[in-house]
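> Pasting model.cif below, which is mmCIF, C-alpha atoms (C1' of nucleotides).
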data_work
#
loop_
_atom_site.label_atom_id
_atom_site.label_comp_id
_atom_site.auth_asym_id
_atom_site.auth_seq_id
_atom_site.Cartn_x
_atom_site.Cartn_y
_atom_site.Cartn_z
CA MET B 1426 0.00 0.00 0.00
CA SER B 1427 1.33 3.41 -0.98
CA LYS B 1428 1.43 6.30 1.45
CA GLU B 1429 -1.22 8.10 -0.58
CA GLU B 1430 -3.57 5.15 -0.37
CA ALA B 1431 -2.98 4.92 3.35
CA ILE B 1432 -3.80 8.58 3.85
CA ALA B 1433 -7.03 8.17 1.92
CA LYS B 1434 -8.07 5.56 4.47
CA LEU B 1435 -6.89 7.55 7.46
CA ILE B 1436 -8.95 10.54 6.45
CA GLN B 1437 -12.17 8.58 6.93
CA VAL B 1438 -11.31 7.83 10.53
CA PHE B 1439 -10.36 11.39 11.46
CA ARG B 1440 -13.51 12.68 9.79
CA GLN B 1441 -15.74 10.34 11.69
CA TYR B 1442 -14.18 10.43 15.15
CA GLY B 1443 -12.31 13.71 15.37
CA TYR B 1444 -8.73 13.95 16.52
CA GLU B 1445 -9.04 12.78 20.08
CA GLY B 1446 -11.60 10.14 19.19
CA THR B 1447 -9.26 8.69 16.61
CA THR B 1448 -7.06 5.93 18.02
CA LEU B 1449 -4.16 4.07 16.51
CA ALA B 1450 -6.25 0.93 16.78
CA LYS B 1451 -8.93 2.47 14.55
CA LEU B 1452 -6.33 3.79 12.12
CA SER B 1453 -4.69 0.39 12.02
CA LYS B 1454 -7.95 -1.35 11.32
CA ALA B 1455 -8.97 1.15 8.63
CA THR B 1456 -5.73 0.77 6.71
CA GLY B 1457 -5.11 -2.88 7.42
CA LEU B 1458 -1.64 -1.94 8.61
CA GLY B 1459 -0.19 -2.70 12.02
CA LYS B 1460 0.59 0.19 14.33
CA ALA B 1461 4.29 -0.19 13.71
CA SER B 1462 3.73 0.05 9.96
CA LEU B 1463 1.88 3.30 10.44
CA TYR B 1464 4.90 4.59 12.31
CA HIS B 1465 7.04 3.58 9.37
CA TYR B 1466 5.09 5.98 7.15
CA PHE B 1467 4.49 8.59 9.82
CA PRO B 1468 7.33 8.70 12.35
CA GLY B 1469 5.63 11.60 14.10
CA GLY B 1470 2.72 9.38 15.03
CA LYS B 1471 -0.86 10.52 15.26
CA ALA B 1472 -0.04 14.21 14.97
CA GLU B 1473 1.83 13.62 11.73
CA MET B 1474 -1.04 11.54 10.41
CA GLY B 1475 -3.43 14.38 11.16
CA GLU B 1476 -1.13 16.79 9.39
CA ALA B 1477 -0.86 14.51 6.36
CA VAL B 1478 -4.58 14.00 6.21
CA LEU B 1479 -5.18 17.76 6.25
CA GLU B 1480 -2.62 18.30 3.54
CA TYR B 1481 -4.21 15.60 1.44
CA ALA B 1482 -7.70 17.03 1.93
CA ASN B 1483 -6.42 20.46 1.05
CA LYS B 1484 -4.95 19.33 -2.24
CA TRP B 1485 -8.06 17.38 -3.02
CA PHE B 1486 -10.20 20.42 -2.29
CA GLN B 1487 -8.02 22.66 -4.43
CA THR B 1488 -8.23 20.30 -7.38
CA THR B 1489 -11.88 19.41 -7.26
CA VAL B 1490 -13.55 22.49 -5.78
CA LEU B 1491 -11.34 25.53 -6.31
CA LYS B 1492 -10.08 24.74 -9.79
CA PRO B 1493 -13.54 24.81 -11.42
CA LEU B 1494 -14.15 28.05 -9.59
CA GLN B 1495 -11.04 29.59 -11.09
CA SER B 1496 -11.57 28.41 -14.65
CA ASP B 1497 -12.38 30.89 -17.41
CA GLY B 1498 -16.13 30.65 -17.92
CA GLN B 1499 -18.84 32.99 -16.71
CA PRO B 1500 -18.83 33.65 -12.92
CA GLU B 1501 -22.26 32.10 -12.48
CA ALA B 1502 -21.30 28.93 -14.34
CA ARG B 1503 -18.14 28.61 -12.29
CA ILE B 1504 -20.03 29.01 -9.06
CA MET B 1505 -22.50 26.37 -10.13
CA ALA B 1506 -19.63 24.06 -10.98
CA MET B 1507 -18.14 24.67 -7.54
CA SER B 1508 -21.44 23.85 -5.85
CA GLN B 1509 -21.60 20.52 -7.62
CA GLN B 1510 -18.07 19.72 -6.54
CA ILE B 1511 -18.81 20.69 -2.94
CA ASN B 1512 -21.72 18.32 -3.02
CA LYS B 1513 -19.41 15.49 -4.06
CA PHE B 1514 -16.65 16.55 -1.68
CA TYR B 1515 -18.97 16.14 1.28
CA SER B 1516 -20.76 13.07 -0.12
CA GLU B 1517 -24.04 14.93 -0.44
CA GLY B 1518 -23.78 16.23 3.10
CA GLN B 1519 -23.22 12.87 4.72
CA GLU B 1520 -19.59 13.46 5.60
CA THR B 1521 -18.26 15.76 8.27
CA CYS B 1522 -15.93 18.56 7.30
CA LEU B 1523 -12.39 17.71 8.36
CA TRP B 1524 -11.63 21.37 8.99
CA SER B 1525 -14.45 21.90 11.38
CA ILE B 1526 -13.82 18.66 13.26
CA LEU B 1527 -10.07 19.25 13.59
CA SER B 1528 -10.53 22.76 14.94
CA VAL B 1529 -11.49 21.76 18.48
CA GLY B 1530 -9.64 20.70 21.58
CA GLU B 1531 -6.08 19.51 21.34
CA ALA B 1532 -6.31 19.40 17.55
CA GLN B 1533 -6.91 23.13 17.49
CA ASP B 1534 -3.47 23.79 18.91
CA LEU B 1535 -1.90 21.44 16.40
CA PHE B 1536 -3.69 22.34 13.20
CA ASN B 1537 -5.48 25.64 13.44
CA SER B 1538 -3.08 27.70 11.38
CA GLN B 1539 -3.16 25.13 8.59
CA ILE B 1540 -6.95 25.01 8.62
CA GLN B 1541 -7.18 28.76 8.77
CA ASN B 1542 -5.07 28.98 5.63
CA SER B 1543 -7.31 26.56 3.78
CA LEU B 1544 -10.40 28.51 4.69
CA ILE B 1545 -8.85 31.85 3.80
CA THR B 1546 -7.79 30.47 0.43
CA TRP B 1547 -11.35 29.43 -0.20
CA ILE B 1548 -12.78 32.78 0.83
CA ASP B 1549 -10.27 34.65 -1.32
CA ALA B 1550 -11.05 32.52 -4.33
CA LEU B 1551 -14.73 33.32 -3.93
CA ILE B 1552 -14.04 37.02 -3.53
CA GLN B 1553 -12.07 37.01 -6.78
CA VAL B 1554 -14.94 35.54 -8.72
CA LEU B 1555 -17.44 37.97 -7.27
CA ILE B 1556 -15.21 40.91 -8.12
CA GLU B 1557 -15.03 39.61 -11.68
CA ALA B 1558 -18.81 39.55 -11.60
CA GLY B 1559 -18.74 43.26 -10.82
CA ILE B 1560 -19.46 43.10 -7.11
CA GLU B 1561 -17.84 45.60 -4.80
CA VAL B 1562 -15.07 44.18 -2.67
CA GLU B 1563 -16.55 44.50 0.79
CA GLN B 1564 -19.83 42.99 -0.29
CA ALA B 1565 -17.92 40.27 -2.08
CA ARG B 1566 -16.15 39.44 1.16
CA GLN B 1567 -19.36 39.27 3.14
CA ARG B 1568 -21.11 37.08 0.64
CA SER B 1569 -18.14 34.76 0.40
CA GLU B 1570 -18.05 34.37 4.15
CA ASP B 1571 -21.79 33.79 4.13
CA ALA B 1572 -21.45 31.04 1.56
CA ILE B 1573 -18.92 29.16 3.65
CA ILE B 1574 -20.95 29.71 6.78
CA GLN B 1575 -23.91 28.16 5.06
CA VAL B 1576 -22.01 25.13 3.81
CA GLN B 1577 -20.53 24.48 7.25
CA GLY B 1578 -23.80 25.04 9.06
CA ALA B 1579 -25.69 22.84 6.64
CA LEU B 1580 -23.25 20.01 7.26
CA ILE B 1581 -23.94 20.25 10.98
CA LEU B 1582 -27.68 20.26 10.46
CA ALA B 1583 -27.40 17.27 8.16
CA ARG B 1584 -25.40 15.36 10.75
CA VAL B 1585 -27.64 16.14 13.71
CA LEU B 1586 -30.97 15.74 11.94
CA ASN B 1587 -29.68 12.81 9.93
CA ASN B 1588 -31.20 14.41 6.86
CA ASN B 1589 -29.30 16.03 4.04
CA SER B 1590 -32.10 17.88 2.28
CA PRO B 1591 -31.32 21.23 3.94
CA PHE B 1592 -27.73 20.73 2.79
CA LYS B 1593 -28.80 20.11 -0.79
CA ARG B 1594 -31.09 23.11 -0.73
CA THR B 1595 -28.30 25.28 0.65
CA LEU B 1596 -25.99 24.22 -2.15
CA ALA B 1597 -28.65 24.85 -4.74
CA GLU B 1598 -29.03 28.37 -3.45
CA LEU B 1599 -25.31 29.13 -3.29
CA PRO B 1600 -25.24 30.99 -6.61
CA LYS B 1601 -28.03 33.22 -5.36
CA THR B 1602 -26.27 33.73 -2.03
CA LEU B 1603 -23.08 34.74 -3.76
CA LEU B 1604 -24.37 36.73 -6.72
CA GLY B 1605 -27.28 38.21 -4.82
CA LYS B 1606 -30.05 37.55 -7.29
CA MET M 1179 -20.72 22.78 45.78
CA SER M 1180 -24.16 21.92 44.48
CA LYS M 1181 -24.71 19.61 41.58
CA GLU M 1182 -25.97 22.52 39.49
CA GLU M 1183 -22.84 24.52 40.12
CA ALA M 1184 -20.72 21.52 39.23
CA ILE M 1185 -22.55 21.03 35.95
CA ALA M 1186 -22.00 24.67 35.06
CA LYS M 1187 -18.26 24.07 35.34
CA LEU M 1188 -18.36 20.76 33.49
CA ILE M 1189 -20.07 22.33 30.52
CA GLN M 1190 -17.07 24.54 29.84
CA VAL M 1191 -14.80 21.53 29.51
CA PHE M 1192 -17.06 19.57 27.18
CA ARG M 1193 -17.55 22.64 25.04
CA GLN M 1194 -13.86 23.23 24.65
CA TYR M 1195 -12.56 19.70 24.21
CA GLY M 1196 -15.48 17.67 22.90
CA TYR M 1197 -16.52 14.38 24.40
CA GLU M 1198 -13.46 12.28 23.71
CA GLY M 1199 -11.09 15.13 24.42
CA THR M 1200 -12.67 15.66 27.81
CA THR M 1201 -10.94 13.68 30.55
CA LEU M 1202 -11.83 13.14 34.18
CA ALA M 1203 -8.64 14.95 35.08
CA LYS M 1204 -9.84 18.06 33.23
CA LEU M 1205 -13.30 17.79 34.74
CA SER M 1206 -11.77 17.38 38.16
CA LYS M 1207 -9.59 20.43 37.74
CA ALA M 1208 -12.42 22.56 36.38
CA THR M 1209 -14.74 21.79 39.28
CA GLY M 1210 -12.12 21.57 41.98
CA LEU M 1211 -13.56 18.19 42.92
CA GLY M 1212 -11.64 14.94 43.05
CA LYS M 1213 -12.53 12.23 40.58
CA ALA M 1214 -14.25 10.20 43.26
CA SER M 1215 -16.42 13.18 44.16
CA LEU M 1216 -17.52 13.48 40.56
CA TYR M 1217 -18.60 9.85 40.72
CA HIS M 1218 -20.59 10.67 43.82
CA TYR M 1219 -22.70 13.14 41.80
CA PHE M 1220 -22.62 11.16 38.56
CA PRO M 1221 -22.41 7.43 39.22
CA GLY M 1222 -22.62 6.80 35.48
CA GLY M 1223 -19.29 8.53 34.98
CA LYS M 1224 -18.36 10.58 31.98
CA ALA M 1225 -21.39 9.54 29.94
CA GLU M 1226 -23.72 10.68 32.69
CA MET M 1227 -21.86 13.96 32.98
CA GLY M 1228 -22.28 14.52 29.26
CA GLU M 1229 -25.97 13.79 29.57
CA ALA M 1230 -26.35 16.17 32.50
CA VAL M 1231 -24.46 18.90 30.71
CA LEU M 1232 -26.70 18.58 27.68
CA GLU M 1233 -29.80 18.67 29.81
CA TYR M 1234 -28.53 21.75 31.60
CA ALA M 1235 -27.68 23.50 28.34
CA ASN M 1236 -31.06 22.64 26.96
CA LYS M 1237 -32.92 24.20 29.90
CA TRP M 1238 -30.67 27.22 29.75
CA PHE M 1239 -31.34 27.58 26.03
CA GLN M 1240 -35.08 27.24 26.53
CA THR M 1241 -35.15 29.92 29.19
CA THR M 1242 -32.85 32.46 27.65
CA VAL M 1243 -33.32 31.99 23.91
CA LEU M 1244 -36.66 30.32 23.23
CA LYS M 1245 -38.74 32.07 25.84
CA PRO M 1246 -38.22 35.58 24.40
CA LEU M 1247 -39.07 34.11 21.02
CA GLN M 1248 -42.37 32.78 22.33
CA SER M 1249 -43.45 35.90 24.20
CA ASP M 1250 -46.39 37.98 23.02
CA GLY M 1251 -44.87 40.91 21.17
CA GLN M 1252 -44.55 41.46 17.45
CA PRO M 1253 -42.76 38.66 15.55
CA GLU M 1254 -39.95 40.94 14.47
CA ALA M 1255 -39.32 42.18 17.99
CA ARG M 1256 -39.29 38.63 19.32
CA ILE M 1257 -36.81 37.54 16.69
CA MET M 1258 -34.56 40.45 17.54
CA ALA M 1259 -34.76 39.53 21.19
CA MET M 1260 -33.80 35.96 20.33
CA SER M 1261 -30.81 37.13 18.32
CA GLN M 1262 -29.53 39.10 21.29
CA GLN M 1263 -29.90 36.08 23.51
CA ILE M 1264 -28.11 33.85 21.02
CA ASN M 1265 -25.27 36.31 21.03
CA LYS M 1266 -24.99 35.99 24.81
CA PHE M 1267 -25.52 32.23 24.78
CA TYR M 1268 -22.47 31.77 22.57
CA SER M 1269 -20.45 34.52 24.24
CA GLU M 1270 -20.44 36.65 21.11
CA GLY M 1271 -19.35 33.72 18.99
CA GLN M 1272 -16.36 32.79 21.08
CA GLU M 1273 -17.84 29.58 22.48
CA THR M 1274 -18.42 26.37 20.61
CA CYS M 1275 -21.92 24.97 20.36
CA LEU M 1276 -22.27 21.97 22.64
CA TRP M 1277 -24.71 20.35 20.26
CA SER M 1278 -22.41 20.46 17.31
CA ILE M 1279 -19.41 19.28 19.27
CA LEU M 1280 -21.25 16.39 20.93
CA SER M 1281 -22.62 15.11 17.66
CA VAL M 1282 -19.44 13.42 16.48
CA GLY M 1283 -17.69 10.14 17.16
CA GLU M 1284 -18.61 8.12 20.19
CA ALA M 1285 -20.67 11.01 21.57
CA GLN M 1286 -22.96 10.78 18.58
CA ASP M 1287 -24.07 7.30 19.60
CA LEU M 1288 -24.66 8.46 23.15
CA PHE M 1289 -26.38 11.79 22.67
CA ASN M 1290 -27.67 12.23 19.16
CA SER M 1291 -31.35 11.70 19.88
CA GLN M 1292 -31.21 14.22 22.71
CA ILE M 1293 -29.44 16.79 20.56
CA GLN M 1294 -31.79 16.15 17.69
CA ASN M 1295 -34.73 16.92 19.95
CA SER M 1296 -33.20 20.20 21.06
CA LEU M 1297 -32.62 21.30 17.50
CA ILE M 1298 -36.09 20.28 16.36
CA THR M 1299 -37.59 22.21 19.25
CA TRP M 1300 -35.71 25.27 18.14
CA ILE M 1301 -36.73 24.90 14.51
CA ASP M 1302 -40.38 24.39 15.47
CA ALA M 1303 -40.37 27.45 17.68
CA LEU M 1304 -39.05 29.51 14.79
CA ILE M 1305 -41.62 28.10 12.40
CA GLN M 1306 -44.39 29.06 14.80
CA VAL M 1307 -43.27 32.67 14.91
CA LEU M 1308 -42.97 32.90 11.14
CA ILE M 1309 -46.45 31.47 10.69
CA GLU M 1310 -47.74 34.11 13.07
CA ALA M 1311 -45.99 36.64 10.86
CA GLY M 1312 -48.08 35.37 7.97
CA ILE M 1313 -45.47 33.24 6.24
CA GLU M 1314 -46.53 30.05 4.53
CA VAL M 1315 -45.52 26.90 6.37
CA GLU M 1316 -43.04 25.37 3.95
CA GLN M 1317 -41.22 28.63 3.50
CA ALA M 1318 -41.26 29.10 7.26
CA ARG M 1319 -39.56 25.75 7.65
CA GLN M 1320 -36.87 26.53 5.14
CA ARG M 1321 -36.08 29.90 6.62
CA SER M 1322 -35.96 28.48 10.11
CA GLU M 1323 -33.53 25.82 9.02
CA ASP M 1324 -31.50 28.47 7.23
CA ALA M 1325 -31.31 30.56 10.38
CA ILE M 1326 -29.92 27.69 12.41
CA ILE M 1327 -27.56 26.74 9.64
CA GLN M 1328 -26.22 30.26 9.66
CA VAL M 1329 -25.74 30.40 13.41
CA GLN M 1330 -23.92 27.07 13.43
CA GLY M 1331 -21.79 27.88 10.43
CA ALA M 1332 -20.90 31.29 11.80
CA LEU M 1333 -19.69 29.70 15.02
CA ILE M 1334 -17.36 27.47 13.03
CA LEU M 1335 -16.02 30.37 11.02
CA ALA M 1336 -15.47 32.37 14.19
CA ARG M 1337 -13.53 29.51 15.73
CA VAL M 1338 -11.33 28.78 12.74
CA LEU M 1339 -10.63 32.37 11.72
CA ASN M 1340 -10.40 33.46 15.33
CA ASN M 1341 -12.62 36.38 14.48
CA ASN M 1342 -16.23 36.83 15.52
CA SER M 1343 -17.29 39.64 13.21
CA PRO M 1344 -18.92 37.32 10.67
CA PHE M 1345 -20.85 35.81 13.57
CA LYS M 1346 -22.06 39.18 14.74
CA ARG M 1347 -23.04 40.16 11.24
CA THR M 1348 -24.92 36.90 10.79
CA LEU M 1349 -26.87 37.51 13.98
CA ALA M 1350 -27.66 41.05 12.95
CA GLU M 1351 -29.13 39.74 9.71
CA LEU M 1352 -31.18 36.98 11.30
CA PRO M 1353 -34.43 38.98 11.28
CA LYS M 1354 -33.98 39.58 7.58
CA THR M 1355 -33.13 35.93 6.98
CA LEU M 1356 -36.24 34.80 8.79
CA LEU M 1357 -38.77 37.43 7.75
CA GLY M 1358 -37.37 37.79 4.26
CA LYS M 1359 -37.13 41.53 4.03
"C1'" DG U 1263 -19.42 14.52 50.42
"C1'" DT U 1264 -14.63 14.57 49.73
"C1'" DC U 1265 -10.35 12.65 49.91
"C1'" DT U 1266 -6.10 9.16 48.90
"C1'" DA U 1267 -4.89 5.12 46.96
"C1'" DT U 1268 -5.36 1.89 43.62
"C1'" DA U 1269 -7.06 -1.38 39.97
"C1'" DC U 1270 -7.35 -2.25 35.23
"C1'" DG U 1271 -7.69 -1.38 30.52
"C1'" DT U 1272 -6.30 1.21 26.56
"C1'" DG U 1273 -3.76 4.88 24.33
"C1'" DG U 1274 0.49 6.26 21.93
"C1'" DA U 1275 4.84 4.83 20.86
"C1'" DT U 1276 9.18 1.75 20.26
"C1'" DA U 1277 12.36 -2.49 19.73
"C1'" DG U 1278 13.77 -5.80 17.02
"C1'" DA U 1279 12.85 -10.01 14.15
"C1'" DC U 1280 11.75 -11.23 9.42
"C1'" DG R 657 7.82 -2.59 4.88
"C1'" DT R 658 5.33 -5.37 7.99
"C1'" DC R 659 4.90 -7.99 11.87
"C1'" DT R 660 4.81 -9.48 17.22
"C1'" DA R 661 5.91 -8.19 21.54
"C1'" DT R 662 6.43 -4.84 24.78
"C1'" DC R 663 6.83 -0.29 27.37
"C1'" DC R 664 4.95 3.40 29.87
"C1'" DA R 665 1.66 6.93 30.70
"C1'" DC R 666 -2.89 8.10 31.19
"C1'" DG R 667 -7.79 7.09 30.88
"C1'" DT R 668 -11.97 5.49 33.43
"C1'" DA R 669 -13.59 3.71 37.35
"C1'" DT R 670 -13.71 1.85 42.29
"C1'" DA R 671 -12.53 0.90 47.35
"C1'" DG R 672 -12.48 2.53 51.56
"C1'" DA R 673 -11.00 5.97 55.13
"C1'" DC R 674 -12.45 10.36 57.11
#
Here is the file; what I need is its structure written in the form of structure tokens.

Amino acid sequence: MSKEEAIAKLIQVFRQYGYEGTTLAKLSKATGLGKASLYHYFPGGKAEMGEAVLEYANKWFQTTVLKPLQSDGQPEARIMAMSQQINKFYSEGQETCLWSILSVGEAQDLFNSQIQNSLITWIDALIQVLIEAGIEVEQARQRSEDAIIQVQGALILARVLNNNSPFKRTLAELPKTLLGK
Amino acid sequence: MSKEEAIAKLIQVFRQYGYEGTTLAKLSKATGLGKASLYHYFPGGKAEMGEAVLEYANKWFQTTVLKPLQSDGQPEARIMAMSQQINKFYSEGQETCLWSILSVGEAQDLFNSQIQNSLITWIDALIQVLIEAGIEVEQARQRSEDAIIQVQGALILARVLNNNSPFKRTLAELPKTLLGK
DNA sequence: GTCTATACGTGGATAGAC
DNA sequence: GTCTATCCACGTATAGAC
């Protein structure tokens, strides 16, 4: 098993259990590797695995979600493309956001700056598109923040209510939220 | 120290560290009670403490947030009163929501039905007010869900960005979100 | 009710064989 | 690279004195 493949398995565990709820036993079971093998790939142990998982998720997000947003079509089309990708990225609202779950407790101390960067990158990418669409910068910032707020909040609602329809509705309305029409 | 006072201290720990990140050592330190004393109040251990903390938060939320919403003024005034109380309840966006943090990992199995009830109660209370304001029921439901989504999402953004201004802005716009004007 | 002391499992991490 | 075996600290929980 390659390191990449291992990380893809690890990410599931961190997403489901959070940092402190994730144990080496769970990580071992998820990958099929013994604890010692995990330490071969990640000498820094659990903290390094968390770091790797965040880095992996970040790249994945950049490729699948941000890239369509930064392509060269019409702003509205790009935003719609992004919404579709977000839907996939979070498995239609059934998966927790790694950023939100790794921003509490001990994990916050370890990863917050990394997570903050990811979120800021996302916000800035949105602002860029809205400016291209002719929206004034401060309003663009507010709407971009609102969009992310809504995605994050909708994921929580989906998890607690065990029902992803508010999440899907939120995504469907993202273009309106961002472009204001 | 009364049981109530103890619970008020415990809640801080669960909020900050989540269920799995919360240890008896932390709970002991926060209350000033020895571990054995905690077991005197909560024979069921950590799980019972989590339960008690959720129950406490729920009552607190009902009294401070829902009651103003269900008073007998104009809908808009009641919604504004609720927003103010939400602001206090989450310490201006600087405190995590207990419901969102206890809905992951092992805690999800233990507490999800309780948390689900709390959230549904909130949504239903909002729907009631919007219906009184003359809004059609399905739209009332959607807007109520949206309001909660925005509060939850804004709390996440505040935590990650270490900046509560989006949270405050979100709260300020809640009346508009709900009443649609 | 609150404490000290302690039991027992599990968590993270390492050694060393293959 | 992956395993088995093992270490040590800490986690939850309990016993029993005061």
> Select all residues from chain M having any atom no more than 9 Å from an atom of chain U (counting only C-alpha atoms (C1' of nucleotides), ignoring ligands), output as a PyMOL selection string.
chain M and resi 1211-1212+1214-1215+1218
> Please report, as CSV, each residue of chain B lying at most 6 Å from chain M, together with the nearest pair of atoms and the separation in Å rounded to one decimal; use only C-alpha atoms, and order rows by chain and ascending residue number.

residue,atom,partner,partner_atom,distance
B:Gln1441,CA,M:Gly1283,CA,5.8
B:Tyr1442,CA,M:Gly1283,CA,4.1
B:Glu1445,CA,M:Gly1199,CA,5.3
B:Gly1446,CA,M:Glu1198,CA,5.3
B:Gly1530,CA,M:Tyr1195,CA,4.1
B:Gln1541,CA,M:Val1338,CA,5.7
B:Ile1574,CA,M:Gly1331,CA,4.2
B:Gln1575,CA,M:Gln1328,CA,5.6
B:Gln1577,CA,M:Gly1331,CA,4.8
B:Gly1578,CA,M:Gly1331,CA,3.7
B:Ala1579,CA,M:Ile1327,CA,5.3
B:Val1585,CA,M:Gln1294,CA,5.8
B:Leu1586,CA,M:Gln1294,CA,5.8
> Applying the PyMOL selection byres ((chain M) within 8 of (chain R)) to the file I just gave you, which residues come out? Please list them as a ChimeraX atom specification.
/M:1201-1202,1223
> Considering only C-alpha atoms, state which residue in the set B:Phe1536, B:Tyr1515, B:Tyr1481, B:Phe1486 is at the smallest distance from B:Glu1429.
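Of all the options, B:Tyr1481 lies closest to B:Glu1429.
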> Work out how far atom CA of M:Ala1303 is from atom CA of B:Asn1588, in Å to one decimal.
19.3 Å
> State, in Å with one decimal place, the distance from atom CA of M:Pro1353 to atom CA of M:Leu1304.
11.1 Å
> Evaluate the PyMOL selection byres ((chain M and resi 1256) around 12) here and jot the selected residues down as a tab-separated table (two decimals) with C-alpha atoms, in the coordinates of the input.

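The resulting file, selection-v8.tsv, is shown below:
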chain	number	residue	atom	x	y	z
M	1243	VAL	CA	-33.32	31.99	23.91
M	1244	LEU	CA	-36.66	30.32	23.23
M	1245	LYS	CA	-38.74	32.07	25.84
M	1246	PRO	CA	-38.22	35.58	24.40
M	1247	LEU	CA	-39.07	34.11	21.02
M	1248	GLN	CA	-42.37	32.78	22.33
M	1249	SER	CA	-43.45	35.90	24.20
M	1250	ASP	CA	-46.39	37.98	23.02
M	1251	GLY	CA	-44.87	40.91	21.17
M	1252	GLN	CA	-44.55	41.46	17.45
M	1253	PRO	CA	-42.76	38.66	15.55
M	1254	GLU	CA	-39.95	40.94	14.47
M	1255	ALA	CA	-39.32	42.18	17.99
M	1257	ILE	CA	-36.81	37.54	16.69
M	1258	MET	CA	-34.56	40.45	17.54
M	1259	ALA	CA	-34.76	39.53	21.19
M	1260	MET	CA	-33.80	35.96	20.33
M	1261	SER	CA	-30.81	37.13	18.32
M	1262	GLN	CA	-29.53	39.10	21.29
M	1263	GLN	CA	-29.90	36.08	23.51
M	1303	ALA	CA	-40.37	27.45	17.68
M	1304	LEU	CA	-39.05	29.51	14.79
M	1306	GLN	CA	-44.39	29.06	14.80
M	1307	VAL	CA	-43.27	32.67	14.91
M	1308	LEU	CA	-42.97	32.90	11.14
M	1310	GLU	CA	-47.74	34.11	13.07
M	1311	ALA	CA	-45.99	36.64	10.86
M	1352	LEU	CA	-31.18	36.98	11.30
M	1353	PRO	CA	-34.43	38.98	11.28
M	1356	LEU	CA	-36.24	34.80	8.79
M	1357	LEU	CA	-38.77	37.43	7.75
> So how many Å separate atom CA of B:Ser1569 and atom CA of B:Asp1549, to one decimal?
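So the answer is 8.1 Å.
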> Around the point (0.7, -2.8, 0.0), in the coordinates given by the file, pick out the residues reaching within 10 Å, counting all atoms listed in the file, and return them as a PyMOL selection string.
(chain B and resi 1426-1428+1430-1431+1456-1458) or (chain R and resi 657-658)
> For the structure shown, which residues end up in the PyMOL selection byres ((chain B and resi 1477) around 10)? Put them as number ranges by chain, please?
B: 1428-1429, 1432-1433, 1435-1436, 1467, 1471-1476, 1478-1483
> Missing atoms in stretch 1286-1297 of chain M need filling: write out N, CA and C atoms for it as a PDB file, in the frame of the given file.

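Produced file selection14.pdb, reproduced below:
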ATOM      1  N   GLN M1286     -21.784  10.820  19.449  1.00  0.00           N
ATOM      2  CA  GLN M1286     -22.960  10.780  18.580  1.00  0.00           C
ATOM      3  C   GLN M1286     -23.869   9.613  18.967  1.00  0.00           C
ATOM      4  N   ASP M1287     -23.280   8.469  19.201  1.00  0.00           N
ATOM      5  CA  ASP M1287     -24.070   7.300  19.600  1.00  0.00           C
ATOM      6  C   ASP M1287     -24.778   7.559  20.925  1.00  0.00           C
ATOM      7  N   LEU M1288     -24.098   8.248  21.822  1.00  0.00           N
ATOM      8  CA  LEU M1288     -24.660   8.460  23.150  1.00  0.00           C
ATOM      9  C   LEU M1288     -25.753   9.515  23.181  1.00  0.00           C
ATOM     10  N   PHE M1289     -25.538  10.603  22.432  1.00  0.00           N
ATOM     11  CA  PHE M1289     -26.380  11.790  22.670  1.00  0.00           C
ATOM     12  C   PHE M1289     -27.202  12.251  21.481  1.00  0.00           C
ATOM     13  N   ASN M1290     -27.081  11.588  20.324  1.00  0.00           N
ATOM     14  CA  ASN M1290     -27.670  12.230  19.160  1.00  0.00           C
ATOM     15  C   ASN M1290     -29.175  12.446  19.256  1.00  0.00           C
ATOM     16  N   SER M1291     -29.891  11.519  19.857  1.00  0.00           N
ATOM     17  CA  SER M1291     -31.350  11.700  19.880  1.00  0.00           C
ATOM     18  C   SER M1291     -31.709  12.907  20.743  1.00  0.00           C
ATOM     19  N   GLN M1292     -30.972  13.068  21.849  1.00  0.00           N
ATOM     20  CA  GLN M1292     -31.210  14.220  22.710  1.00  0.00           C
ATOM     21  C   GLN M1292     -30.933  15.542  21.987  1.00  0.00           C
ATOM     22  N   ILE M1293     -29.814  15.576  21.288  1.00  0.00           N
ATOM     23  CA  ILE M1293     -29.440  16.790  20.560  1.00  0.00           C
ATOM     24  C   ILE M1293     -30.430  17.065  19.435  1.00  0.00           C
ATOM     25  N   GLN M1294     -30.816  16.017  18.760  1.00  0.00           N
ATOM     26  CA  GLN M1294     -31.790  16.150  17.690  1.00  0.00           C
ATOM     27  C   GLN M1294     -33.078  16.795  18.212  1.00  0.00           C
ATOM     28  N   ASN M1295     -33.524  16.338  19.353  1.00  0.00           N
ATOM     29  CA  ASN M1295     -34.730  16.920  19.950  1.00  0.00           C
ATOM     30  C   ASN M1295     -34.565  18.413  20.215  1.00  0.00           C
ATOM     31  N   SER M1296     -33.430  18.790  20.769  1.00  0.00           N
ATOM     32  CA  SER M1296     -33.200  20.200  21.060  1.00  0.00           C
ATOM     33  C   SER M1296     -33.275  21.045  19.799  1.00  0.00           C
ATOM     34  N   LEU M1297     -32.649  20.532  18.748  1.00  0.00           N
ATOM     35  CA  LEU M1297     -32.620  21.300  17.500  1.00  0.00           C
ATOM     36  C   LEU M1297     -34.008  21.386  16.878  1.00  0.00           C
TER      37      LEU M1297
END
